[in-house]
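K.L.:
Below you will find the structure I want to go over with you.
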Amino acid sequence: MNLKKTFCLLCSSAIIITLAGCSKNDSTVTPIGDGSGTALTTTATTQATQLGEIGEKSEMADVEIKINKIYRSEFTGTQKGHLSNVVFLDVTVSNNTDNKLDANMLTSFEFEVNGKLHDSATLLAISSAKKQFGNDVNLFSDAIEPGESQTGCIPAELPETFNKITLKFLPLGGVRNGRDVSKAIVYTFTENDLEDIAKPESSENTDAE
């Protein structure tokens, strides 16, 4: 009987010690609202992207942009065995910063097709823009001076058919400024947002030759 009592006492002591150890939990996670300052905080990474709309003016980092229209041209090609189509963006960019601004197709505009980055800045896109609008078309090749606004063309070679395209405008120069895509004005459009534009007659004659 004494042995049984001794065993019970030992078990009770073990339980007490275990509970005491649990009460000294080293975890620093505390409920929201606890002002102790010892809580483990997790910071959610949020992108500073801004949604833009075709035909509406958007502004980020003292740069204003307005995509006036998106045209589907009659210039076609192929990319990786798939039919492609050249699209023209009629864009106005205003530089309200104190520095020169790059706003051309190579440094500041990125296209994603159905969620994947797409190589849109092609020679076909550039040559098609010149055939459509003339050799003097503004492709934003020169930097935009502080306080200056320019309206020009962003040509892009894109798949002939697609579900959704995402366009990211990087207002501070994109590639030349670290390509911080978290600071981008983002546009999305479908085929229904494209306005057809016919080839000029001079271009059709050149193609025939």
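By order in the structure tokens, chains are A, B, ...; within a chain, residues start at 1; ligands start at 1, following the order shown.
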Find the residues around segment 124-134 of chain A up to 7 Å (only C-alpha atoms counted), leave out those fewer than 2 positions away in its own chain, and share them as a ChimeraX atom specification.

P.N.:
/A:75,86,121-122,136-137,155-157,199-200,203

K.L.:
According to DSSP computed on the backbone, where in segment 54-84 of chain A is there strand (DSSP E or B)? Give the residues as a list in words.

P.N.:
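Here are the strand (DSSP E or B) residues of segment 54-84 of chain A: Lys57, Ser58, Glu59, Met60, Val63, Glu64, Ile65, Lys66, Ile67, Asn68, Lys69, Ile70, Tyr71, Arg72, Ser73, Glu74, Phe75, Thr76, Gly77, Thr78, Gln79, His82, Leu83 and Ser84 of chain A.
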
K.L.:
Mind checking which residues fall within 8 Å of Cys153 of chain A, counting only C-alpha atoms, ignoring those fewer than 2 positions away in the same chain, and posting them as a list in words?

P.N.:
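In the requested format, the answer is Phe88, Leu89, Asp90, Val91, Ala129, Val137, Asn138, Leu139, Phe140, Thr151 and Pro155 of chain A.
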
K.L.:
Next, write the just-selected residues to a file, as a PDB file, in the first residue's frame, keeping C-alpha atoms as the atom set.

P.N.:
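Here's the written file again.pdb:
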```pdb
ATOM      1  CA  PHE A  88      -0.013  50.357 -81.205  1.00  0.00           C
ATOM      2  CA  LEU A  89      -0.552  52.230 -77.941  1.00  0.00           C
ATOM      3  CA  ASP A  90      -1.297  55.946 -78.286  1.00  0.00           C
ATOM      4  CA  VAL A  91       0.284  57.281 -75.088  1.00  0.00           C
ATOM      5  CA  ALA A 129       4.976  51.735 -86.379  1.00  0.00           C
ATOM      6  CA  VAL A 137       6.664  58.805 -85.337  1.00  0.00           C
ATOM      7  CA  ASN A 138       7.510  59.497 -81.707  1.00  0.00           C
ATOM      8  CA  LEU A 139       8.636  56.208 -80.137  1.00  0.00           C
ATOM      9  CA  PHE A 140       9.884  58.009 -77.002  1.00  0.00           C
ATOM     10  CA  THR A 151       2.421  62.002 -76.958  1.00  0.00           C
ATOM     11  CA  PRO A 155       4.374  49.446 -80.562  1.00  0.00           C
TER      12      PRO A 155
END
```

K.L.:
If I take atom CA of Leu167 of chain A and atom CA of Asn135 of chain A, how far is one from the other in Å, to one decimal?

P.N.:
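It comes out at 25.3 Å.
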
K.L.:
So what do you get for atom CA of Ser149 of chain A versus atom CA of Ala103 of chain A, distance-wise?

P.N.:
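Straight-line distance from atom CA of Ser149 of chain A to atom CA of Ala103 of chain A works out to 11.0 Å.
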
K.L.:
For Thr107 of chain A, which residue out of A:Ser141, A:Thr188, A:Gln50, A:Ser182 is the nearest one, using only C-alpha atoms?

P.N.:
A:Ser141

K.L.:
Do you know which residues are at most 12 Å from Asn68 of chain A counting only C-alpha atoms, after dropping those on the same chain fewer than 4 positions away, and could you put them as a PyMOL selection string?

P.N.:
chain A and resi 52-58+88-93+151-154+193-195

K.L.:
Pick out the residues sitting within 9 Å of Val113 of chain A, and hand them over as a PyMOL selection string; count only C-alpha atoms, and ignore anything fewer than 4 positions along from it in its own chain.

P.N.:
chain A and resi 117-118+158-159+162-167

K.L.:
For the residues in the current selection, export N, CA, C and O atoms as a short mmCIF file (atom, residue, chain, number, x, y, z; two decimals), in the first residue's frame.

P.N.:
```cif
data_model
loop_
_atom_site.label_atom_id
_atom_site.label_comp_id
_atom_site.auth_asym_id
_atom_site.auth_seq_id
_atom_site.Cartn_x
_atom_site.Cartn_y
_atom_site.Cartn_z
N LEU A 117 5.51 36.84 -68.91
CA LEU A 117 6.23 37.95 -69.53
C LEU A 117 6.42 37.66 -71.02
O LEU A 117 6.79 36.55 -71.40
N HIS A 118 6.15 38.66 -71.86
CA HIS A 118 6.18 38.46 -73.31
C HIS A 118 7.16 39.43 -73.96
O HIS A 118 7.21 40.61 -73.61
N LEU A 158 2.39 41.17 -80.25
CA LEU A 158 1.68 40.34 -79.29
C LEU A 158 1.01 39.17 -80.03
O LEU A 158 0.84 39.22 -81.25
N PRO A 159 0.63 38.12 -79.31
CA PRO A 159 -0.07 37.01 -79.96
C PRO A 159 -1.34 37.49 -80.67
O PRO A 159 -2.01 38.42 -80.20
N PHE A 162 -5.54 36.12 -77.65
CA PHE A 162 -5.15 36.04 -76.24
C PHE A 162 -6.38 36.22 -75.37
O PHE A 162 -7.41 36.74 -75.82
N ASN A 163 -6.26 35.79 -74.13
CA ASN A 163 -7.36 35.98 -73.18
C ASN A 163 -7.25 37.32 -72.46
O ASN A 163 -8.19 38.09 -72.39
N LYS A 164 -6.04 37.60 -71.94
CA LYS A 164 -5.83 38.85 -71.19
C LYS A 164 -4.38 39.26 -71.31
O LYS A 164 -3.48 38.42 -71.27
N ILE A 165 -4.17 40.55 -71.44
CA ILE A 165 -2.81 41.09 -71.46
C ILE A 165 -2.68 42.09 -70.32
O ILE A 165 -3.56 42.92 -70.08
N THR A 166 -1.57 41.99 -69.61
CA THR A 166 -1.25 42.93 -68.54
C THR A 166 -0.09 43.80 -69.00
O THR A 166 0.93 43.28 -69.45
N LEU A 167 -0.25 45.09 -68.90
CA LEU A 167 0.79 46.04 -69.26
C LEU A 167 1.26 46.76 -68.00
O LEU A 167 0.45 47.28 -67.24
#
```
